[in-house]
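This report refers to the structure that appears directly beneath it.
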Amino acid sequence: MHSKYFVPATRNCRAPYTVELTQESAGWEHCSLHVIELGPGQSHRTHSRTDEIVVVPLSGSCTVVCAGQPCELAGRESVFDGPTDFAYIGRDNSYTVTTTNGGRFALGGARAQRQLPFRYVPAVDVPVELRGAGNCSRQVHNFATADTFEADSIIACEVITPGGNWSSYPAHKHDELTDTETPLEEIYYFEFARGADDSPGFGYHRVYGTPERPIDVLEEVRDGDVVLVPHGYHGPSIAAPGYHMYYLNIMAGPGPERAWRISDDPAQAWLRGTWTDTAIDPRLPMSAKQTRQ
């Protein structure tokens, strides 16, 4: 029995969507995510409405046009090819995504009060962080985090976890407005590198709560699946050995400050201290060449 916080790929989606997650369908107030798959020469026109949007190429390149202004996204062949360039759409804007050769594109959204201008960020300007160590090593693309990109409410990043490693670990939460936390809803969207003989990848993701706010999620995740984190501790995200894991995080919340502050599960916080004398996984940083050997 799957949790109501698990959204499998292509469930009840209209073409060209493979993920069609609104605030209303998620049962919360701030975050949204749509993923579109377009064939060669196809376009998709839509409207940001009350959301601000980041257009993130998952595979392929595209042209984004907003308010008559075109923006070329070079994109990438796959999510394991390193960071991509992206476009930002402010609230109350129509925009069109067009691709010459076809591709898959994430439209991550969050409710916004201010309307900010249409912008383009090249891949070379996306900060890449190697976080953790040993089998907790992962690669983070901080493309639209609070300290790297101006936005009204959205916080977004990508994480690459090599096969056999654990990420989002120690488990942590951000569901209270305190000196150490900011309340944020969070979306995890997953993709996996293929394994030997083109076998499909998979992993596992955990969400659990406190006595005051219980939640219990443990899901096997595969390509295109989504897990929602309305509150509670989340992690680990575990990549099965032999299969590199990717996830896109979209976050936003009601707090007065756009910030990502977290509290570790007290039972696991000691693990961070073990990374000081442990090497980062030599498979990182991940590159296209490494994932296709």
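Labels for the structure tokens follow display order: chains A, B, ..., residues from 1 in each chain, ligands from 1.
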Run DSSP on the backbone of this structure and report the residues of segment 90-195 of chain A it assigns to helix (DSSP H, G or I), as an mmCIF file with C-alpha atoms, in the first residue's frame.
```cif
data_model
loop_
_atom_site.group_PDB
_atom_site.id
_atom_site.type_symbol
_atom_site.label_atom_id
_atom_site.label_comp_id
_atom_site.auth_asym_id
_atom_site.auth_seq_id
_atom_site.Cartn_x
_atom_site.Cartn_y
_atom_site.Cartn_z
ATOM 1 C CA ALA A 123 25.149 26.268 -16.326
ATOM 2 C CA VAL A 124 28.618 27.665 -15.558
ATOM 3 C CA ASP A 125 27.043 29.944 -12.941
ATOM 4 C CA GLY A 134 32.250 8.104 2.156
ATOM 5 C CA ASN A 135 28.987 6.345 1.372
ATOM 6 C CA CYS A 136 27.112 9.507 2.372
#
```
### Query
Looking only at the backbone, which of the residues in segment 134-213 of chain A does DSSP tag as strand (DSSP E or B), as a PyMOL selection string?
chain A and resi 138-144+155-161+166-167+172-173+185-192+203-208
### Message
Counting only C-alpha atoms, which residue out of A:Phe86, A:Tyr246, A:Trp270, A:Tyr95 sits closest to Met286 of chain A?
### Response
A:Tyr246
### Message
With distances taken over only C-alpha atoms, which residue among A:Arg14, A:Arg206, A:Arg261, A:Lys173 lies nearest Ile155 of chain A?
### Response
A:Arg261
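Among the candidate residues A:Val56, A:Val207, A:Ala87, A:Val19, the one lying nearest to Gln69 of chain A is A:Ala87, with distances computed using only C-alpha atoms.
Atom CA of Ser287 of chain A is positioned 13.0 Å from atom CA of Arg138 of chain A.
Those residues that approach Gln23 of chain A to within 9 Å, counting only C-alpha atoms, are Leu21, Ser25, Ala26, Gly27, Trp28, Glu29, His30, Cys31, Ser32, Leu33, Ala110 and Arg111 of chain A; same-chain residues fewer than 2 positions away are not listed.
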### Task
Do a neighbour search on Leu38 of chain A at 7 Å with only C-alpha atoms, toss out local chain neighbours closer than 5 positions, and write the hits as a list in words.
Pro16, Gly102, Gly103 and Arg104 of chain A
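Minimum distance to Glu129 of chain A across A:Ile154, A:Ile89, A:Leu284, A:Ala279 (counting only C-alpha atoms) occurs at A:Leu284.
When the distance limit is 10 Å and only C-alpha atoms are what count, the residues near His205 of chain A, minus those fewer than 2 positions from it on the same chain, are Phe6, Trp166, Ser167, Ser168, Tyr188, Gly203, Val207, Val217, Leu218, Glu219, Glu220, Val221, Val227, His234, Gly235, Pro236, Ser237, Ile238 and Ala239 of chain A.
Comparing the minimum interatomic distances between Gln268 of chain A and each of A:Glu37, A:Tyr233, A:Asn93, A:His141, counting only C-alpha atoms, we find that A:Tyr233 sits nearest.
All residues of protein, DNA or RNA that reach within 7 Å of Val229 of chain A, judged by only C-alpha atoms and not counting those fewer than 5 positions away in the chain, are Glu185, Glu186 and Ile187 of chain A.
Residues in contact with Thr178 of chain A at up to 10 Å, not including ones fewer than 3 positions away on its chain and judged by only C-alpha atoms, are His174, Asp175, Glu181, Thr182, Pro183, Gly255, Arg261 and Ile262 of chain A.
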### Query
Of the candidates A:Glu191, A:Asp152, A:Glu212, A:Glu158, which shows the shortest atom-to-atom distance to Gln139 of chain A, using only C-alpha atoms?
A:Glu158
